[in-house]
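What follows is the content of input_33.pdb, which has PDB, C-alpha atoms:
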```
MODEL        1
ATOM      1  CA  MET A   1       0.000   0.000   0.000
ATOM      2  CA  ASN A   2       2.856   2.407   0.865
ATOM      3  CA  ALA A   3       4.576   1.643  -2.434
ATOM      4  CA  THR A   4       1.327   2.261  -4.272
ATOM      5  CA  ALA A   5       0.809   5.556  -2.488
ATOM      6  CA  CYS A   6       4.368   6.596  -3.292
ATOM      7  CA  CYS A   7       3.921   5.680  -6.960
ATOM      8  CA  PHE A   8       0.661   7.609  -7.085
ATOM      9  CA  ALA A   9       2.219  10.672  -5.441
ATOM     10  CA  SER A  10       5.152  10.515  -7.837
ATOM     11  CA  ALA A  11       2.834  10.260 -10.849
ATOM     12  CA  MET A  12       0.852  13.263  -9.607
ATOM     13  CA  ALA A  13       4.041  15.273  -9.145
ATOM     14  CA  ASP A  14       5.137  14.410 -12.695
ATOM     15  CA  GLU A  15       1.748  15.400 -14.048
ATOM     16  CA  ASN A  16       1.844  18.723 -12.197
ATOM     17  CA  ALA A  17       5.354  19.429 -13.498
ATOM     18  CA  GLU A  18       4.228  18.658 -17.040
ATOM     19  CA  ILE A  19       1.256  21.011 -16.633
ATOM     20  CA  ALA A  20       3.565  23.753 -15.339
ATOM     21  CA  ARG A  21       5.842  23.352 -18.369
ATOM     22  CA  GLY A  22       2.908  23.374 -20.782
ATOM     23  CA  LEU A  23       1.368  26.470 -19.189
ATOM     24  CA  ARG A  24       4.660  28.364 -19.433
ATOM     25  CA  ARG A  25       4.694  27.601 -23.167
ATOM     26  CA  ARG A  26       0.953  28.388 -23.421
ATOM     27  CA  ASN A  27       0.382  25.016 -25.041
ATOM     28  CA  PRO A  28      -3.180  25.130 -26.511
ATOM     29  CA  ASP A  29      -3.603  21.329 -26.466
ATOM     30  CA  LEU A  30      -2.767  21.237 -22.787
ATOM     31  CA  LEU A  31      -5.329  23.933 -22.053
ATOM     32  CA  ASP A  32      -7.976  21.989 -23.967
ATOM     33  CA  ARG A  33      -7.174  18.885 -21.901
ATOM     34  CA  LEU A  34      -7.329  20.839 -18.658
ATOM     35  CA  ILE A  35     -10.673  22.397 -19.570
ATOM     36  CA  GLU A  36     -11.968  18.933 -20.444
ATOM     37  CA  LYS A  37     -10.799  17.559 -17.116
ATOM     38  CA  TYR A  38     -11.871  20.355 -14.783
ATOM     39  CA  GLN A  39     -14.912  21.872 -16.511
ATOM     40  CA  HIS A  40     -17.613  20.260 -14.377
ATOM     41  CA  ARG A  41     -15.749  20.533 -11.098
ATOM     42  CA  LEU A  42     -14.905  24.178 -11.629
ATOM     43  CA  LEU A  43     -18.441  25.125 -12.632
ATOM     44  CA  ARG A  44     -19.922  23.242  -9.657
ATOM     45  CA  TYR A  45     -17.597  25.093  -7.316
ATOM     46  CA  LEU A  46     -18.439  28.459  -8.855
ATOM     47  CA  VAL A  47     -22.182  27.824  -8.800
ATOM     48  CA  HIS A  48     -22.034  27.019  -5.102
ATOM     49  CA  LEU A  49     -19.719  29.930  -4.375
ATOM     50  CA  THR A  50     -21.696  32.566  -6.261
ATOM     51  CA  GLY A  51     -25.188  31.164  -5.941
ATOM     52  CA  ARG A  52     -25.948  32.155  -9.540
ATOM     53  CA  ARG A  53     -25.325  30.040 -12.620
ATOM     54  CA  GLU A  54     -24.970  33.006 -15.007
ATOM     55  CA  LEU A  55     -22.305  34.625 -12.860
ATOM     56  CA  ALA A  56     -20.610  31.257 -12.373
ATOM     57  CA  GLU A  57     -20.383  30.763 -16.149
ATOM     58  CA  ASP A  58     -18.866  34.237 -16.633
ATOM     59  CA  VAL A  59     -16.272  33.594 -13.961
ATOM     60  CA  PHE A  60     -15.643  30.135 -15.456
ATOM     61  CA  GLN A  61     -14.514  31.740 -18.708
ATOM     62  CA  ASP A  62     -12.522  34.462 -16.942
ATOM     63  CA  THR A  63     -10.762  31.815 -14.880
ATOM     64  CA  TRP A  64      -9.441  29.972 -17.915
ATOM     65  CA  ILE A  65      -8.358  33.252 -19.518
ATOM     66  CA  ARG A  66      -6.431  34.041 -16.338
ATOM     67  CA  VAL A  67      -4.880  30.553 -16.339
ATOM     68  CA  PHE A  68      -3.738  31.160 -19.922
ATOM     69  CA  GLU A  69      -2.302  34.598 -19.181
ATOM     70  CA  ARG A  70      -0.584  33.715 -15.916
ATOM     71  CA  GLY A  71       0.271  30.095 -16.462
ATOM     72  CA  ALA A  72       3.918  30.854 -15.790
ATOM     73  CA  GLN A  73       3.008  31.513 -12.136
ATOM     74  CA  TYR A  74       2.031  27.866 -11.598
ATOM     75  CA  ASP A  75       5.133  26.135 -10.315
ATOM     76  CA  GLY A  76       3.831  22.539 -10.329
ATOM     77  CA  ARG A  77       4.607  21.921  -6.659
ATOM     78  CA  HIS A  78       0.956  21.559  -5.716
ATOM     79  CA  ASP A  79      -2.030  20.067  -7.461
ATOM     80  CA  PHE A  80      -3.181  22.124 -10.461
ATOM     81  CA  GLY A  81      -6.792  21.953  -9.287
ATOM     82  CA  THR A  82      -5.894  23.799  -6.096
ATOM     83  CA  TRP A  83      -4.321  26.628  -8.085
ATOM     84  CA  LEU A  84      -7.235  26.700 -10.522
ATOM     85  CA  PHE A  85      -9.801  26.967  -7.757
ATOM     86  CA  SER A  86      -7.850  29.705  -5.970
ATOM     87  CA  ILE A  87      -7.821  31.753  -9.197
ATOM     88  CA  ALA A  88     -11.572  31.284  -9.559
ATOM     89  CA  ARG A  89     -12.085  32.296  -5.956
ATOM     90  CA  HIS A  90     -10.098  35.500  -6.365
ATOM     91  CA  LEU A  91     -12.069  36.406  -9.466
ATOM     92  CA  VAL A  92     -15.345  35.974  -7.601
ATOM     93  CA  ILE A  93     -14.058  38.156  -4.759
ATOM     94  CA  ASP A  94     -12.897  40.834  -7.246
ATOM     95  CA  ARG A  95     -16.279  40.850  -8.958
ATOM     96  CA  GLU A  96     -18.115  41.142  -5.682
ATOM     97  CA  ARG A  97     -15.844  44.016  -4.603
ATOM     98  CA  ARG A  98     -16.439  45.887  -7.888
ATOM     99  CA  ARG A  99     -20.170  45.271  -7.656
ATOM    100  CA  ARG A 100     -20.265  46.791  -4.195
ATOM    101  CA  GLU A 101     -18.167  49.789  -5.277
ATOM    102  CA  THR A 102     -20.292  50.625  -8.304
ATOM    103  CA  ALA A 103     -23.778  49.833  -7.026
ATOM    104  CA  VAL A 104     -24.004  50.862  -3.407
ATOM    105  CA  ASP A 105     -27.788  51.105  -3.538
ATOM    106  CA  ASP A 106     -28.244  47.867  -5.422
ATOM    107  CA  PRO A 107     -30.487  45.745  -3.211
ATOM    108  CA  ALA A 108     -29.932  42.536  -5.177
ATOM    109  CA  PRO A 109     -27.923  40.190  -2.969
ATOM    110  CA  LEU A 110     -25.268  37.903  -4.355
ATOM    111  CA  VAL A 111     -26.940  35.027  -2.629
ATOM    112  CA  ALA A 112     -30.596  34.460  -3.312
ATOM    113  CA  ALA A 113     -33.183  34.717  -0.587
ATOM    114  CA  ASP A 114     -35.103  31.917   1.030
ATOM    115  CA  GLU A 115     -36.858  30.333  -1.913
ATOM    116  CA  PRO A 116     -34.994  28.045  -4.292
ATOM    117  CA  SER A 117     -34.449  29.592  -7.692
ATOM    118  CA  ALA A 118     -35.808  28.251 -10.944
ATOM    119  CA  PHE A 119     -32.391  26.802 -11.527
ATOM    120  CA  ASP A 120     -32.575  24.878  -8.266
ATOM    121  CA  LEU A 121     -35.956  23.420  -9.035
ATOM    122  CA  ALA A 122     -35.082  22.669 -12.635
ATOM    123  CA  ALA A 123     -31.851  21.009 -11.573
ATOM    124  CA  GLY A 124     -33.478  17.720 -12.346
ATOM    125  CA  ARG A 125     -34.009  16.346  -8.884
ATOM    126  CA  GLU A 126     -36.144  17.785  -6.122
ATOM    127  CA  GLN A 127     -33.637  16.675  -3.487
ATOM    128  CA  SER A 128     -30.861  18.472  -5.321
ATOM    129  CA  GLY A 129     -32.942  21.621  -5.437
ATOM    130  CA  ARG A 130     -33.557  21.397  -1.701
ATOM    131  CA  ILE A 131     -29.923  20.844  -0.749
ATOM    132  CA  LEU A 132     -29.010  23.820  -2.939
ATOM    133  CA  ALA A 133     -31.698  25.893  -1.237
ATOM    134  CA  ALA A 134     -30.374  24.787   2.159
ATOM    135  CA  MET A 135     -26.836  25.699   1.113
ATOM    136  CA  ARG A 136     -27.975  29.215   0.295
ATOM    137  CA  HIS A 137     -28.694  29.780   3.975
ATOM    138  CA  LEU A 138     -25.025  29.289   4.758
ATOM    139  CA  SER A 139     -22.394  31.968   4.491
ATOM    140  CA  ALA A 140     -20.172  31.894   1.394
ATOM    141  CA  GLU A 141     -17.190  30.668   3.434
ATOM    142  CA  HIS A 142     -19.096  27.738   4.911
ATOM    143  CA  ARG A 143     -20.597  26.818   1.557
ATOM    144  CA  GLU A 144     -17.196  26.953  -0.056
ATOM    145  CA  ALA A 145     -15.593  24.757   2.610
ATOM    146  CA  LEU A 146     -18.318  22.107   2.320
ATOM    147  CA  VAL A 147     -18.146  22.039  -1.476
ATOM    148  CA  LEU A 148     -14.369  21.786  -1.566
ATOM    149  CA  ARG A 149     -14.353  19.030   1.041
ATOM    150  CA  PHE A 150     -17.321  16.888   0.119
ATOM    151  CA  GLN A 151     -17.721  17.487  -3.601
ATOM    152  CA  GLU A 152     -14.147  18.079  -4.672
ATOM    153  CA  ASP A 153     -12.654  15.676  -2.078
ATOM    154  CA  MET A 154      -9.892  18.109  -1.224
ATOM    155  CA  SER A 155      -7.770  17.574   1.835
ATOM    156  CA  LEU A 156      -7.923  20.108   4.633
ATOM    157  CA  GLU A 157      -4.504  21.465   3.595
ATOM    158  CA  GLU A 158      -5.638  21.877   0.001
ATOM    159  CA  ILE A 159      -8.746  23.734   1.135
ATOM    160  CA  GLY A 160      -6.475  25.979   3.177
ATOM    161  CA  ARG A 161      -4.382  26.693   0.077
ATOM    162  CA  VAL A 162      -7.405  27.536  -2.052
ATOM    163  CA  THR A 163      -9.038  29.783   0.535
ATOM    164  CA  GLY A 164      -5.900  31.185   2.132
ATOM    165  CA  ALA A 165      -7.266  30.201   5.551
ATOM    166  CA  PRO A 166      -5.337  28.379   8.283
ATOM    167  CA  LEU A 167      -6.150  24.740   9.017
ATOM    168  CA  SER A 168      -8.044  25.543  12.190
ATOM    169  CA  THR A 169     -10.287  27.988  10.307
ATOM    170  CA  VAL A 170     -10.985  25.386   7.613
ATOM    171  CA  LYS A 171     -12.028  22.834  10.244
ATOM    172  CA  SER A 172     -14.161  25.418  11.992
ATOM    173  CA  ARG A 173     -15.926  26.389   8.768
ATOM    174  CA  LEU A 174     -16.604  22.738   7.926
ATOM    175  CA  TYR A 175     -17.997  22.044  11.357
ATOM    176  CA  ARG A 176     -20.141  25.187  11.422
ATOM    177  CA  GLY A 177     -21.306  24.568   7.871
ATOM    178  CA  LEU A 178     -22.461  21.044   8.696
ATOM    179  CA  THR A 179     -24.025  22.230  11.928
ATOM    180  CA  ALA A 180     -25.968  24.919  10.051
ATOM    181  CA  LEU A 181     -26.971  22.477   7.295
ATOM    182  CA  ALA A 182     -28.034  19.617   9.564
ATOM    183  CA  PRO A 183     -31.410  21.085  10.645
ATOM    184  CA  TRP A 184     -32.421  21.525   6.987
ATOM    185  CA  ILE A 185     -31.459  17.963   6.254
ATOM    186  CA  LYS A 186     -33.256  16.657   9.345
ATOM    187  CA  GLY A 187     -36.324  18.482   8.151
ATOM    188  CA  GLU A 188     -35.895  16.713   4.827
ATOM    189  CA  MET A 189     -35.402  13.362   6.495
ATOM    190  CA  LEU A 190     -38.483  13.644   8.752
TER
ATOM    191  CA  MET B   1     -15.860  13.272  12.193
ATOM    192  CA  LEU B   2     -14.829  15.542   9.331
ATOM    193  CA  ILE B   3     -12.236  13.021   8.254
ATOM    194  CA  ALA B   4     -14.718  10.170   8.559
ATOM    195  CA  LEU B   5     -17.208  11.944   6.319
ATOM    196  CA  GLY B   6     -14.865  12.215   3.407
ATOM    197  CA  GLY B   7     -11.614  13.549   2.084
ATOM    198  CA  PRO B   8      -8.294  12.012   1.208
ATOM    199  CA  GLU B   9      -7.026  11.752   4.786
ATOM    200  CA  SER B  10      -7.624   8.529   6.649
ATOM    201  CA  MET B  11      -8.404   7.954  10.295
ATOM    202  CA  GLU B  12      -6.351   5.845  12.605
ATOM    203  CA  GLU B  13      -7.996   2.559  13.473
ATOM    204  CA  SER B  14      -8.060   3.436  17.141
ATOM    205  CA  ASP B  15      -9.832   6.721  16.348
ATOM    206  CA  CYS B  16     -12.346   4.889  14.165
ATOM    207  CA  ALA B  17     -13.070   2.463  16.961
ATOM    208  CA  TRP B  18     -13.464   5.271  19.476
ATOM    209  CA  LEU B  19     -15.801   7.199  17.145
ATOM    210  CA  SER B  20     -17.977   4.131  16.518
ATOM    211  CA  GLY B  21     -18.240   3.481  20.233
ATOM    212  CA  HIS B  22     -19.075   7.098  20.980
ATOM    213  CA  LEU B  23     -21.766   7.275  18.323
ATOM    214  CA  GLU B  24     -23.457   4.198  19.788
ATOM    215  CA  SER B  25     -23.749   5.866  23.159
ATOM    216  CA  CYS B  26     -24.294   9.542  22.309
ATOM    217  CA  GLU B  27     -27.634  10.211  20.622
ATOM    218  CA  GLU B  28     -26.880  13.870  19.858
ATOM    219  CA  CYS B  29     -23.642  13.043  18.070
ATOM    220  CA  ARG B  30     -25.283  10.161  16.250
ATOM    221  CA  GLU B  31     -28.044  12.446  14.947
ATOM    222  CA  PHE B  32     -25.451  14.979  13.860
ATOM    223  CA  ALA B  33     -23.427  12.278  12.128
ATOM    224  CA  ASP B  34     -26.511  10.931  10.339
ATOM    225  CA  ALA B  35     -27.646  14.396   9.243
ATOM    226  CA  SER B  36     -24.131  15.309   8.097
ATOM    227  CA  ALA B  37     -23.729  12.074   6.164
ATOM    228  CA  GLU B  38     -27.075  12.645   4.472
ATOM    229  CA  ALA B  39     -26.115  16.254   3.650
ATOM    230  CA  VAL B  40     -22.862  15.062   2.115
ATOM    231  CA  ARG B  41     -24.661  12.378   0.122
ATOM    232  CA  MET B  42     -27.166  14.898  -1.225
ATOM    233  CA  LEU B  43     -24.442  17.414  -1.987
ATOM    234  CA  ARG B  44     -22.473  14.830  -3.972
ATOM    235  CA  ALA B  45     -25.594  13.967  -5.943
ATOM    236  CA  VAL B  46     -26.242  17.539  -7.157
ATOM    237  CA  PRO B  47     -26.210  17.466 -10.981
ATOM    238  CA  ILE B  48     -24.319  20.599 -11.989
ATOM    239  CA  SER B  49     -22.307  20.238 -15.152
ATOM    240  CA  ALA B  50     -20.749  22.487 -17.765
ATOM    241  CA  GLY B  51     -22.601  22.556 -21.062
ATOM    242  CA  TRP B  52     -20.997  22.261 -24.457
ATOM    243  CA  SER B  53     -21.830  25.878 -25.342
ATOM    244  CA  LEU B  54     -20.001  27.172 -22.272
ATOM    245  CA  VAL B  55     -16.892  25.118 -23.035
ATOM    246  CA  SER B  56     -17.014  26.148 -26.687
ATOM    247  CA  ALA B  57     -17.359  29.845 -25.765
ATOM    248  CA  THR B  58     -14.442  29.524 -23.353
ATOM    249  CA  ARG B  59     -12.206  27.951 -25.987
ATOM    250  CA  SER B  60     -13.177  30.656 -28.457
ATOM    251  CA  ARG B  61     -12.252  33.402 -25.991
ATOM    252  CA  LEU B  62      -8.947  31.671 -25.280
ATOM    253  CA  ARG B  63      -8.101  31.553 -28.980
ATOM    254  CA  GLN B  64      -8.952  35.242 -29.286
ATOM    255  CA  ARG B  65      -6.774  36.113 -26.328
ATOM    256  CA  ALA B  66      -3.923  34.021 -27.720
ATOM    257  CA  LEU B  67      -4.096  35.998 -30.988
ATOM    258  CA  GLU B  68      -4.134  39.314 -29.109
ATOM    259  CA  LEU B  69      -1.078  38.353 -27.095
ATOM    260  CA  GLN B  70       0.711  37.167 -30.209
ATOM    261  CA  ARG B  71       0.039  40.495 -31.953
ATOM    262  CA  GLN B  72       1.296  42.367 -28.893
ATOM    263  CA  ARG B  73       4.489  40.328 -28.912
ATOM    264  CA  GLU B  74       5.015  41.005 -32.615
ATOM    265  CA  ARG B  75       4.462  44.756 -32.152
ATOM    266  CA  LEU B  76       6.847  44.768 -29.233
ATOM    267  CA  TRP B  77       9.424  42.905 -31.297
ATOM    268  CA  VAL B  78       9.140  45.402 -34.156
ATOM    269  CA  ALA B  79       9.387  48.344 -31.743
ATOM    270  CA  THR B  80      12.456  46.800 -30.087
ATOM    271  CA  VAL B  81      14.195  46.255 -33.417
ATOM    272  CA  CYS B  82      13.378  49.817 -34.517
ATOM    273  CA  CYS B  83      14.700  51.278 -31.261
ATOM    274  CA  ALA B  84      17.892  49.273 -31.568
ATOM    275  CA  ALA B  85      18.370  50.361 -35.204
ATOM    276  CA  VAL B  86      17.716  54.019 -34.362
ATOM    277  CA  THR B  87      20.129  53.897 -31.437
ATOM    278  CA  LEU B  88      22.848  52.365 -33.609
ATOM    279  CA  CYS B  89      22.314  54.936 -36.356
ATOM    280  CA  THR B  90      22.372  57.740 -33.821
ATOM    281  CA  LEU B  91      25.658  56.566 -32.376
ATOM    282  CA  LEU B  92      27.277  56.260 -35.802
ATOM    283  CA  THR B  93      25.880  59.602 -36.957
ATOM    284  CA  THR B  94      26.907  61.355 -33.782
ATOM    285  CA  ALA B  95      30.429  59.979 -34.059
ATOM    286  CA  ALA B  96      30.728  61.208 -37.652
ATOM    287  CA  LEU B  97      29.198  64.606 -36.879
ATOM    288  CA  TRP B  98      31.380  65.029 -33.815
ATOM    289  CA  GLY B  99      34.516  64.764 -35.909
ATOM    290  CA  GLY B 100      33.170  67.085 -38.593
ATOM    291  CA  LEU B 101      31.936  69.710 -36.172
ATOM    292  CA  ALA B 102      35.189  69.596 -34.200
ATOM    293  CA  TRP B 103      37.070  70.452 -37.397
ATOM    294  CA  LEU B 104      34.578  73.208 -38.266
ATOM    295  CA  ALA B 105      34.814  74.667 -34.766
ATOM    296  CA  ARG B 106      38.596  74.799 -35.031
ATOM    297  CA  GLU B 107      38.337  76.613 -38.405
ATOM    298  CA  THR B 108      35.709  79.087 -37.222
ATOM    299  CA  ARG B 109      37.144  79.394 -33.686
ATOM    300  CA  VAL B 110      33.904  78.428 -31.945
ATOM    301  CA  ILE B 111      34.413  77.294 -28.357
ATOM    302  CA  SER B 112      34.124  73.524 -27.777
ATOM    303  CA  PRO B 113      31.390  73.378 -25.110
ATOM    304  CA  LEU B 114      29.121  75.469 -27.309
ATOM    305  CA  TRP B 115      29.154  73.263 -30.393
ATOM    306  CA  GLN B 116      29.141  70.109 -28.283
ATOM    307  CA  MET B 117      25.993  71.238 -26.459
ATOM    308  CA  LEU B 118      24.372  72.266 -29.723
ATOM    309  CA  LEU B 119      25.131  68.864 -31.253
ATOM    310  CA  LEU B 120      23.728  66.947 -28.277
ATOM    311  CA  ALA B 121      20.616  69.139 -28.241
ATOM    312  CA  ALA B 122      20.111  68.634 -31.990
ATOM    313  CA  ASN B 123      20.405  64.864 -31.451
ATOM    314  CA  PHE B 124      18.027  64.526 -28.524
ATOM    315  CA  MET B 125      15.529  67.364 -28.995
ATOM    316  CA  PRO B 126      13.471  65.630 -31.730
ATOM    317  CA  ALA B 127      13.116  62.481 -29.596
ATOM    318  CA  LEU B 128      12.181  64.513 -26.516
ATOM    319  CA  PHE B 129       9.691  66.527 -28.538
ATOM    320  CA  ALA B 130       8.091  63.373 -29.944
ATOM    321  CA  ALA B 131       7.934  61.791 -26.461
ATOM    322  CA  VAL B 132       6.197  64.865 -24.990
ATOM    323  CA  LEU B 133       3.710  64.891 -27.887
ATOM    324  CA  LEU B 134       2.895  61.184 -27.463
ATOM    325  CA  LEU B 135       2.509  61.594 -23.716
ATOM    326  CA  ALA B 136       0.185  64.557 -24.163
ATOM    327  CA  ARG B 137      -1.802  62.615 -26.745
ATOM    328  CA  GLY B 138      -2.056  59.669 -24.402
ATOM    329  CA  ILE B 139      -3.284  61.838 -21.511
ATOM    330  CA  HIS B 140      -5.758  63.611 -23.805
ATOM    331  CA  LEU B 141      -7.164  60.305 -25.089
ATOM    332  CA  SER B 142      -7.459  58.809 -21.614
ATOM    333  CA  ASP B 143      -9.265  61.945 -20.408
ATOM    334  CA  ARG B 144     -11.706  61.695 -23.323
ATOM    335  CA  THR B 145     -12.304  58.014 -22.566
ATOM    336  CA  TRP B 146     -12.997  58.808 -18.904
ATOM    337  CA  GLU B 147     -15.432  61.607 -19.804
ATOM    338  CA  GLY B 148     -17.059  59.457 -22.500
TER
ENDMDL
END
```

Just dump the structure as structure tokens.
Amino acid sequence: MNATACCFASAMADENAEIARGLRRRNPDLLDRLIEKYQHRLLRYLVHLTGRRELAEDVFQDTWIRVFERGAQYDGRHDFGTWLFSIARHLVIDRERRRRETAVDDPAPLVAADEPSAFDLAAGREQSGRILAAMRHLSAEHREALVLRFQEDMSLEEIGRVTGAPLSTVKSRLYRGLTALAPWIKGEML
Amino acid sequence: MLIALGGPESMEESDCAWLSGHLESCEECREFADASAEAVRMLRAVPISAGWSLVSATRSRLRQRALELQRQRERLWVATVCCAAVTLCTLLTTAALWGGLAWLARETRVISPLWQMLLLAANFMPALFAAVLLLARGIHLSDRTWEG
């Protein structure tokens, strides 16, 4: 098992190094492969983070443009997905900051109110719509931590790298997020 | 608990055993564990996926950006070559003029600092003038853009 884990870690390191080299050269085939690999994960993360599919799709495109422009900054020492998600996160934060600066009186919140949106209900499954509606009652940080942990299967350290938060804060957000979500789920289960 | 619910880390066997024992005896923790596990299961089942149109639009924007950057690099390359050529010509011209003007100054008995300063001014004034004009144009255009 240890030998397998070592081989896996070594393969991942080689893959990350190859991605770093390809991004420095702005290799278009590599970018296509990366988009293919991360498209669903990235969009899922952005939808949960922003609460709006349209905004998530805009940031999705901006994220890949940023990856293309600043690929040389990826050094290959950590998983590419971690770097990709941190870029996406910064873009969402920048957008939110600009929105607040230019529309002080805009009452439209980034996160929808109590009722699930049409997107939620048309998501295909009623349960999915309800979990999404429940997630909207959490703060963005808690939502983000839960998504990165339980949908993207990131380790606590990786979540810390994406969010820039210390390990203790990541654990706290996960715990508080689950605690806040549990009553909604219990209501669903009853 | 967070480790047990998911993630790449694994729990020690002793911790697993302790957690199982605790959950059997503590109803509150067991309810929390059940609710959390259900929340995680539902979260993992959410069907959000990127459509083909989104991926296609992204690739199109990337190609556009790649072309823009390539054009910028080409313009920068041309500007660099031009600057290098102009600098070389200036040096050669200045060297030739220096000799000629030194001879002329000796013949006409003009003092050295005077013709040297005049030569340097004649060499650099056009470039300075052009730089000031471009700067003023740039400021004027950015002001118009801001007002527009």

Best match for closeness to His90 in chain A among A:Val162, A:Leu42, A:Ala133, A:Leu30, counting all atoms listed in the file: A:Val162

Go through the shown structure with the PyMOL selection byres ((chain A and resi 79-82) around 8) and write out the matching residues as a list in words. Met12, Ala13, Asn16, Ile19, Tyr38, Tyr74, Gly76, Arg77, His78, Trp83, Leu84, Phe85, Ser86, Glu158, Ile159, Arg161 and Val162 of chain A

From the list A:Glu54, A:Trp64, A:Glu144, A:Ala165, which residue is nearest Glu36 in chain A when using only C-alpha atoms? A:Trp64

Residues of chain B were defined as contacting chain A if any atom lay at most 7 Å from it, counting only C-alpha atoms; please report them as a PyMOL selection string. chain B and resi 6-9+32+35-36+39-40+42-50+58+62

Could you list the residues chosen by the PyMOL selection byres ((chain B and resi 115) around 12) in this structure as a short mmCIF file (atom, residue, chain, number, x, y, z; two decimals) with C-alpha atoms, in the coordinates of the input?
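The file below, selection-v7.cif, is the result:
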```cif
data_model
loop_
_atom_site.label_atom_id
_atom_site.label_comp_id
_atom_site.auth_asym_id
_atom_site.auth_seq_id
_atom_site.Cartn_x
_atom_site.Cartn_y
_atom_site.Cartn_z
CA LEU B 97 29.20 64.61 -36.88
CA TRP B 98 31.38 65.03 -33.82
CA GLY B 99 34.52 64.76 -35.91
CA GLY B 100 33.17 67.08 -38.59
CA LEU B 101 31.94 69.71 -36.17
CA ALA B 102 35.19 69.60 -34.20
CA TRP B 103 37.07 70.45 -37.40
CA LEU B 104 34.58 73.21 -38.27
CA ALA B 105 34.81 74.67 -34.77
CA ARG B 106 38.60 74.80 -35.03
CA THR B 108 35.71 79.09 -37.22
CA ARG B 109 37.14 79.39 -33.69
CA VAL B 110 33.90 78.43 -31.94
CA ILE B 111 34.41 77.29 -28.36
CA SER B 112 34.12 73.52 -27.78
CA PRO B 113 31.39 73.38 -25.11
CA LEU B 114 29.12 75.47 -27.31
CA GLN B 116 29.14 70.11 -28.28
CA MET B 117 25.99 71.24 -26.46
CA LEU B 118 24.37 72.27 -29.72
CA LEU B 119 25.13 68.86 -31.25
CA LEU B 120 23.73 66.95 -28.28
CA ALA B 121 20.62 69.14 -28.24
CA ALA B 122 20.11 68.63 -31.99
#
```

Please, what is the axis-aligned box for every listed atom of range 37-54 of chain A with 8 Å on each side, as centre and edge lengths in Å to one decimal, as AutoDock Vina command-line options?
```
--center_x -18.4 --center_y 25.3 --center_z -10.7 --size_x 31.1 --size_y 31.4 --size_z 28.7
```

Interatomic distance between CA of Ile93 in chain A and CA of Ala140 in chain A? 10.7 Å

Between CA of Arg89 in chain A and CA of Thr169 in chain A, distance in Å (one decimal): 16.9 Å

Between CA of Arg143 in chain A and CA of Leu46 in chain A, what is the distance in Å, rounded to a tenth? 10.8 Å

On this structure, the PyMOL selection byres ((chain A and resi 24) around 9) would catch which residues? List them as a PyMOL selection string, sorted by chain and number. chain A and resi 19-23+25-27+68+70-74
